[in-house]
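Just structure.txt here, compact mmCIF, C-alpha atoms:
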# COMPACT_ATOMS: atom_id res chain seq x y z
CA MET A 153 -19.91 0.99 -25.35
CA ARG A 154 -21.45 0.71 -21.92
CA LEU A 155 -22.64 -2.71 -20.78
CA ILE A 156 -25.06 -2.91 -17.86
CA ARG A 157 -26.83 -5.47 -15.67
CA PHE A 158 -30.24 -4.43 -14.44
CA LYS A 159 -33.46 -5.72 -12.97
CA THR A 160 -37.05 -5.01 -13.87
CA GLY A 161 -39.37 -6.47 -11.26
CA THR A 162 -37.71 -9.73 -10.24
CA GLU A 163 -36.05 -10.45 -13.59
CA GLU A 164 -32.34 -9.81 -14.11
CA LYS A 165 -31.33 -8.63 -17.58
CA ASN A 166 -28.27 -7.51 -19.54
CA GLY A 167 -28.23 -4.36 -21.60
CA VAL A 168 -26.40 -1.62 -23.47
CA VAL A 169 -26.63 2.04 -22.47
CA VAL A 170 -27.83 4.12 -25.42
CA ASN A 171 -29.30 7.62 -25.73
CA GLY A 172 -29.54 8.14 -21.98
CA GLY A 173 -31.36 4.86 -21.39
CA LEU A 174 -30.72 1.21 -22.10
CA VAL A 175 -31.82 -1.66 -24.30
CA GLU A 176 -31.77 -5.34 -23.41
CA ILE A 177 -29.35 -7.78 -25.05
CA PRO A 178 -29.85 -11.55 -25.12
CA HIS A 179 -26.42 -12.67 -23.89
CA SER A 180 -24.06 -12.09 -20.98
CA LEU A 181 -22.16 -8.83 -20.74
CA LEU A 182 -18.75 -10.40 -21.11
CA GLU A 183 -19.83 -12.28 -24.21
CA ALA A 184 -21.11 -8.94 -25.49
CA SER A 185 -17.91 -6.98 -24.96
CA GLN A 186 -17.12 -7.15 -28.68
CA PRO A 187 -20.62 -7.36 -30.24
CA PRO A 188 -21.95 -6.62 -33.61
CA PHE A 189 -25.27 -5.35 -32.42
CA ASP A 190 -27.95 -4.83 -35.02
CA ASP A 191 -31.09 -2.75 -34.80
CA LEU A 192 -30.62 -1.62 -31.20
CA GLU A 193 -33.08 1.18 -31.89
CA ARG A 194 -35.79 -1.41 -32.55
CA LYS A 195 -35.38 -3.11 -29.17
CA GLU A 196 -37.33 -2.18 -26.06
CA PHE A 197 -36.00 1.00 -24.48
CA TYR A 198 -35.76 1.38 -20.69
CA SER A 199 -35.18 4.57 -18.74
CA LEU A 200 -32.29 4.31 -16.28
CA ASP A 201 -34.62 5.79 -13.65
CA ASP A 202 -37.08 2.90 -14.07
CA VAL A 203 -34.72 -0.01 -13.48
CA ASN A 204 -32.61 -1.34 -10.62
CA ILE A 205 -28.97 -1.22 -11.74
CA LEU A 206 -27.02 -4.28 -10.56
CA PRO A 207 -23.27 -4.75 -10.15
CA PRO A 208 -22.00 -5.13 -13.73
CA VAL A 209 -20.23 -8.43 -12.93
CA GLN A 210 -20.26 -11.09 -10.23
CA PRO A 211 -16.52 -11.75 -9.78
CA SER A 212 -14.99 -14.85 -8.22
CA LYS A 213 -12.50 -12.47 -6.58
CA VAL A 214 -11.54 -8.82 -6.46
CA VAL A 215 -7.77 -8.37 -6.59
CA CYS A 216 -6.81 -4.99 -5.15
CA VAL A 217 -3.60 -3.00 -5.43
CA GLY A 218 -2.33 -0.91 -2.55
CA LEU A 219 -0.28 2.30 -2.84
CA ASN A 220 -0.43 2.62 -6.64
CA TYR A 221 -0.60 6.41 -7.07
CA ARG A 222 2.53 8.54 -6.93
CA ASP A 223 0.65 11.46 -5.41
CA HIS A 224 -0.81 9.17 -2.73
CA ALA A 225 2.65 7.84 -1.84
CA GLN A 226 3.89 11.44 -1.66
CA GLU A 227 0.97 12.35 0.60
CA LEU A 228 1.93 9.51 2.96
CA ASN A 229 5.67 10.29 2.68
CA MET A 230 6.31 6.70 1.56
CA ASP A 231 8.75 5.27 -0.96
CA LEU A 232 7.29 3.98 -4.21
CA PRO A 233 6.86 0.19 -4.13
CA GLU A 234 9.13 -1.91 -6.34
CA GLU A 235 6.31 -4.36 -7.06
CA PRO A 236 2.51 -4.10 -6.76
CA ILE A 237 1.15 -4.62 -3.25
CA LEU A 238 -1.81 -7.00 -3.48
CA PHE A 239 -4.76 -8.05 -1.33
CA ILE A 240 -8.12 -9.67 -2.11
CA LYS A 241 -11.72 -8.80 -1.36
CA PRO A 242 -14.18 -11.72 -1.38
CA PRO A 243 -17.13 -11.65 -3.81
CA THR A 244 -19.52 -11.20 -0.88
CA THR A 245 -18.29 -7.59 -0.55
CA VAL A 246 -19.70 -6.62 -3.96
CA ILE A 247 -22.75 -4.36 -4.23
CA GLY A 248 -24.08 -2.15 -7.00
CA PRO A 249 -24.92 1.53 -7.46
CA ASP A 250 -27.25 3.06 -4.87
CA ASN A 251 -27.01 -0.04 -2.66
CA PRO A 252 -26.22 0.86 0.96
CA ILE A 253 -22.74 0.46 2.42
CA ILE A 254 -23.29 -1.02 5.87
CA TYR A 255 -21.25 0.48 8.73
CA PRO A 256 -20.37 -2.60 10.86
CA PRO A 257 -20.57 -2.31 14.65
CA GLN A 258 -16.99 -3.56 15.06
CA CYS A 259 -15.68 -0.57 13.11
CA HIS A 260 -15.08 2.97 14.37
CA GLN A 261 -13.39 4.46 11.30
CA LEU A 262 -14.91 3.67 7.90
CA ASP A 263 -12.89 5.01 4.97
CA TYR A 264 -13.57 5.51 1.25
CA GLU A 265 -11.06 4.80 -1.54
CA ALA A 266 -11.95 5.77 -5.12
CA GLU A 267 -10.54 3.34 -7.70
CA LEU A 268 -10.57 2.43 -11.38
CA ALA A 269 -11.55 -1.23 -11.77
CA VAL A 270 -10.44 -3.52 -14.59
CA VAL A 271 -12.93 -6.21 -15.68
CA ILE A 272 -11.31 -9.41 -16.95
CA GLY A 273 -12.95 -10.70 -20.13
CA ARG A 274 -11.56 -14.23 -20.33
CA GLU A 275 -9.48 -16.67 -18.32
CA THR A 276 -6.05 -15.11 -17.93
CA ARG A 277 -2.88 -16.89 -16.86
CA PHE A 278 0.76 -15.97 -17.55
CA THR A 279 -0.10 -13.16 -19.93
CA SER A 280 2.30 -10.36 -20.85
CA LYS A 281 1.65 -6.64 -20.54
CA ASN A 282 1.76 -6.44 -24.34
CA ASP A 283 -1.18 -8.86 -24.56
CA ALA A 284 -3.04 -7.64 -21.49
CA ARG A 285 -5.61 -5.55 -23.37
CA ASP A 286 -6.79 -8.72 -25.15
CA HIS A 287 -7.86 -10.08 -21.75
CA ILE A 288 -9.75 -6.98 -20.58
CA ALA A 289 -13.49 -6.68 -21.21
CA GLY A 290 -13.61 -3.08 -20.01
CA TYR A 291 -13.52 -0.80 -17.00
CA THR A 292 -15.81 0.22 -14.18
CA ILE A 293 -15.74 2.24 -10.93
CA LEU A 294 -14.98 0.79 -7.50
CA ASN A 295 -14.99 2.07 -3.92
CA ASP A 296 -12.56 0.10 -1.77
CA VAL A 297 -14.37 0.61 1.55
CA THR A 298 -12.06 -0.03 4.51
CA ALA A 299 -12.45 -0.41 8.26
CA ARG A 300 -9.29 1.60 8.90
CA ASP A 301 -9.15 1.13 12.67
CA LEU A 302 -9.37 -2.64 12.24
CA GLN A 303 -6.66 -2.56 9.58
CA ARG A 304 -4.33 -0.82 12.04
CA LYS A 305 -5.36 -3.16 14.88
CA ASP A 306 -4.88 -6.39 12.92
CA GLY A 307 -1.64 -5.40 11.21
CA GLN A 308 -2.96 -6.96 7.99
CA TRP A 309 -5.88 -6.20 5.73
CA THR A 310 -8.24 -9.16 5.43
CA ARG A 311 -10.84 -8.29 8.05
CA ALA A 312 -10.74 -4.55 7.36
CA LYS A 313 -11.43 -5.00 3.65
CA SER A 314 -13.84 -7.94 3.67
CA PHE A 315 -17.11 -6.96 5.35
CA ASP A 316 -20.25 -7.43 3.26
CA THR A 317 -21.01 -4.32 1.14
CA PHE A 318 -17.36 -3.12 1.24
CA CYS A 319 -16.93 -3.22 -2.55
CA PRO A 320 -19.44 -1.08 -4.46
CA ILE A 321 -18.87 -1.33 -8.23
CA GLY A 322 -20.61 0.08 -11.29
CA PRO A 323 -22.67 1.51 -12.73
CA TRP A 324 -21.62 -0.31 -15.94
CA ILE A 325 -18.66 -1.62 -17.91
CA GLU A 326 -17.10 0.84 -20.34
CA THR A 327 -15.46 -1.14 -23.15
CA ASP A 328 -13.98 1.75 -25.14
CA MET A 329 -11.64 3.71 -22.89
CA ASP A 330 -7.93 4.44 -22.47
CA PRO A 331 -7.31 3.76 -18.75
CA SER A 332 -3.98 5.57 -18.67
CA HIS A 333 -5.21 9.18 -18.64
CA GLN A 334 -8.60 9.64 -16.96
CA ASP A 335 -9.62 12.02 -14.19
CA ILE A 336 -10.70 10.25 -10.99
CA SER A 337 -12.42 11.98 -8.08
CA LEU A 338 -14.59 11.36 -5.04
CA LYS A 339 -17.20 13.52 -3.35
CA LEU A 340 -18.51 13.03 0.17
CA ASN A 341 -21.86 14.77 0.66
CA GLY A 342 -21.08 16.89 -2.39
CA GLU A 343 -17.60 17.98 -1.24
CA VAL A 344 -14.59 16.88 -3.31
CA LYS A 345 -12.25 14.75 -1.19
CA GLN A 346 -10.13 12.97 -3.81
CA ASN A 347 -9.05 14.39 -7.16
CA SER A 348 -6.33 12.96 -9.39
CA ASN A 349 -5.71 11.28 -12.75
CA THR A 350 -4.90 7.69 -13.62
CA GLU A 351 -1.68 8.92 -15.26
CA ASN A 352 -0.37 9.08 -11.68
CA MET A 353 -0.57 5.30 -11.27
CA ILE A 354 2.79 3.71 -10.46
CA PHE A 355 1.96 0.43 -12.19
CA SER A 356 -0.15 0.59 -15.35
CA VAL A 357 -3.22 -1.53 -16.00
CA GLU A 358 -1.20 -3.70 -18.37
CA GLU A 359 1.59 -4.19 -15.86
CA LEU A 360 -0.93 -5.17 -13.19
CA VAL A 361 -2.60 -7.77 -15.41
CA GLU A 362 0.81 -9.26 -16.21
CA PHE A 363 1.97 -9.29 -12.58
CA ILE A 364 -1.23 -10.73 -11.11
CA SER A 365 -1.73 -13.35 -13.85
CA HIS A 366 1.71 -14.75 -13.04
CA ILE A 367 0.51 -15.36 -9.47
CA MET A 368 -3.07 -16.53 -9.89
CA THR A 369 -5.53 -17.34 -12.63
CA LEU A 370 -7.89 -14.47 -13.34
CA ASN A 371 -11.32 -15.78 -14.25
CA GLN A 372 -13.79 -14.17 -16.60
CA GLY A 373 -15.56 -11.45 -14.65
CA ASP A 374 -12.85 -10.98 -12.04
CA ILE A 375 -11.97 -7.44 -11.01
CA ILE A 376 -8.61 -5.74 -10.54
CA ALA A 377 -8.89 -2.61 -8.38
CA THR A 378 -5.99 -0.41 -9.41
CA GLY A 379 -5.38 1.64 -6.25
CA THR A 380 -6.58 4.95 -4.87
CA PRO A 381 -5.31 8.53 -5.21
CA PRO A 382 -4.62 10.89 -2.28
CA GLY A 383 -7.30 12.30 -0.02
CA VAL A 384 -8.59 9.09 1.60
CA GLY A 385 -10.84 9.86 4.55
CA SER A 386 -13.71 8.71 6.71
CA MET A 387 -17.46 8.29 6.19
CA ASN A 388 -20.34 8.32 8.66
CA VAL A 389 -23.86 6.91 8.70
CA GLU A 390 -26.17 8.78 6.28
CA ASP A 391 -23.23 10.13 4.25
CA ILE A 392 -23.44 9.87 0.46
CA VAL A 393 -20.22 8.95 -1.35
CA GLU A 394 -19.81 9.46 -5.10
CA VAL A 395 -16.87 8.22 -7.15
CA LYS A 396 -16.49 9.72 -10.63
CA ILE A 397 -14.13 8.55 -13.38
CA GLU A 398 -13.82 10.36 -16.68
CA GLY A 399 -15.03 8.18 -19.54
CA ILE A 400 -17.18 5.97 -17.29
CA GLY A 401 -19.54 7.97 -15.07
CA THR A 402 -20.42 8.11 -11.37
CA LEU A 403 -20.91 5.45 -8.70
CA SER A 404 -23.02 6.62 -5.76
CA ASN A 405 -23.77 4.87 -2.45
CA LYS A 406 -25.16 5.87 0.95
CA ILE A 407 -23.80 4.74 4.31
CA LYS A 408 -26.28 2.91 6.53
CA GLY A 409 -26.10 1.78 10.13
CA TYR A 410 -25.93 -1.93 10.93
What is this structure when it is put down as structure tokens?
Amino acid sequence: MRLIRFKTGTEEKNGVVVNGGLVEIPHSLLEASQPPFDDLERKEFYSLDDVNILPPVQPSKVVCVGLNYRDHAQELNMDLPEEPILFIKPPTTVIGPDNPIIYPPQCHQLDYEAELAVVIGRETRFTSKNDARDHIAGYTILNDVTARDLQRKDGQWTRAKSFDTFCPIGPWIETDMDPSHQDISLKLNGEVKQNSNTENMIFSVEELVEFISHIMTLNQGDIIATGTPPGVGSMNVEDIVEVKIEGIGTLSNKIKGY
């Protein structure tokens, strides 16, 4: 099931994607992650082309994992990490599908990073990997936009990862998906730049939920970004970047000048 936030006019609504469009539901998406929906066909039907699709959640934090694909580590000639490498993006970075990624004037190398994102369904603290799936509402697509030159300059990642618009997510939450074996790819202006499969992740989704929840409380709606495959590269103003994950769909955004 695909859960979506959208806007018609000035009104924000929650919905379910059905038959190439969507229908409105009366409760929040995370409350709806295990619904029994009745008579969806009798509810008002919206075309996806006629609505403004919003970010599927409004997280209190986005917890990101660095160097979590074996083929990416091989590309960089780096040893595999013994534990997940973590950093955080603030909620002000989050934008939705088709919203512009703003190229900040301080930056001279803006990079894309295609990632599978885990949506937390309920407050999670000290959970085990065996119970992790019970805490996951579903999965969405994320682009971990990075000011690479500033990352190198600072020697740490906070500024480079935290500009407004640096975390596109969407277009919806997929609740029925096995995250361990899905193709993940990225196109820049129609040309494939990243192409891998989540089976190449070093730490599984369940292991990440366990590890992170033993450090910090994960709130309902928080996001875990599970790392990027090889092929990371740069974007320029007017470029269109599309991240595709099997079982979810495609997240598309355009780069705009400041």
Determine, for each residue of range 154-264 of chain A having at least one atom at most 6 Å from an atom of range 318-339 of chain A, the closest pair of atoms and their separation in Å to one decimal, counting only C-alpha atoms; order by chain and ascending number, as a tab-separated table.
residue	atom	partner	partner_atom	distance
A:Arg154	CA	A:Glu326	CA	4.6
A:Leu155	CA	A:Ile325	CA	5.0
A:Ile156	CA	A:Trp324	CA	4.7
A:Pro207	CA	A:Gly322	CA	5.6
A:Pro208	CA	A:Trp324	CA	5.3
A:Thr245	CA	A:Phe318	CA	4.9
A:Val246	CA	A:Cys319	CA	4.6
A:Ile247	CA	A:Pro320	CA	4.7
A:Gly248	CA	A:Pro320	CA	5.4
A:Pro249	CA	A:Pro323	CA	5.7
Point to revise | Straight-line distance linking CA of Ile293 in chain A with CA of Gln261 in chain A, stated in Å to one decimal | key: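 CA of Gln261 in chain A lies 22.5 Å from CA of Ile293 in chain A.
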Review point. Expressed in Å to a single decimal, how great is the separation between CA of Val393 in chain A and CA of Asp301 in chain A?
Key: 19.5 Å
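Of note, CA of Pro233 in chain A and CA of Glu358 in chain A are spaced 16.8 Å apart.
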Exercise for review: Excluding Arg274 in chain A and any residue of its chain fewer than 4 positions from it, enumerate the residues within 8 Å of it, using all atoms listed in the file, and give them as a list of chain:residue names.
Suggested key: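 Near Arg274 in chain A, the qualifying residues are A:His287, A:Ile288, A:Ala289, A:Leu370, A:Asn371, A:Gln372, A:Gly373.
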Exercise for review: Find, counting all atoms listed in the file, the residue in A:Gly409, A:Pro256, A:Pro178, A:Gly401 that gets nearest to Tyr291 in chain A.
Suggested key: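 Among the listed residues, the smallest separation from Tyr291 in chain A belongs to A:Gly401.
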**Study point:** Non-local contacts of Val389 in chain A (9 Å; all atoms listed in the file; under 4 positions in same chain excluded) as a list in words
**Key:** Ile254, Tyr255, Lys406, Ile407, Lys408 and Gly409 of chain A
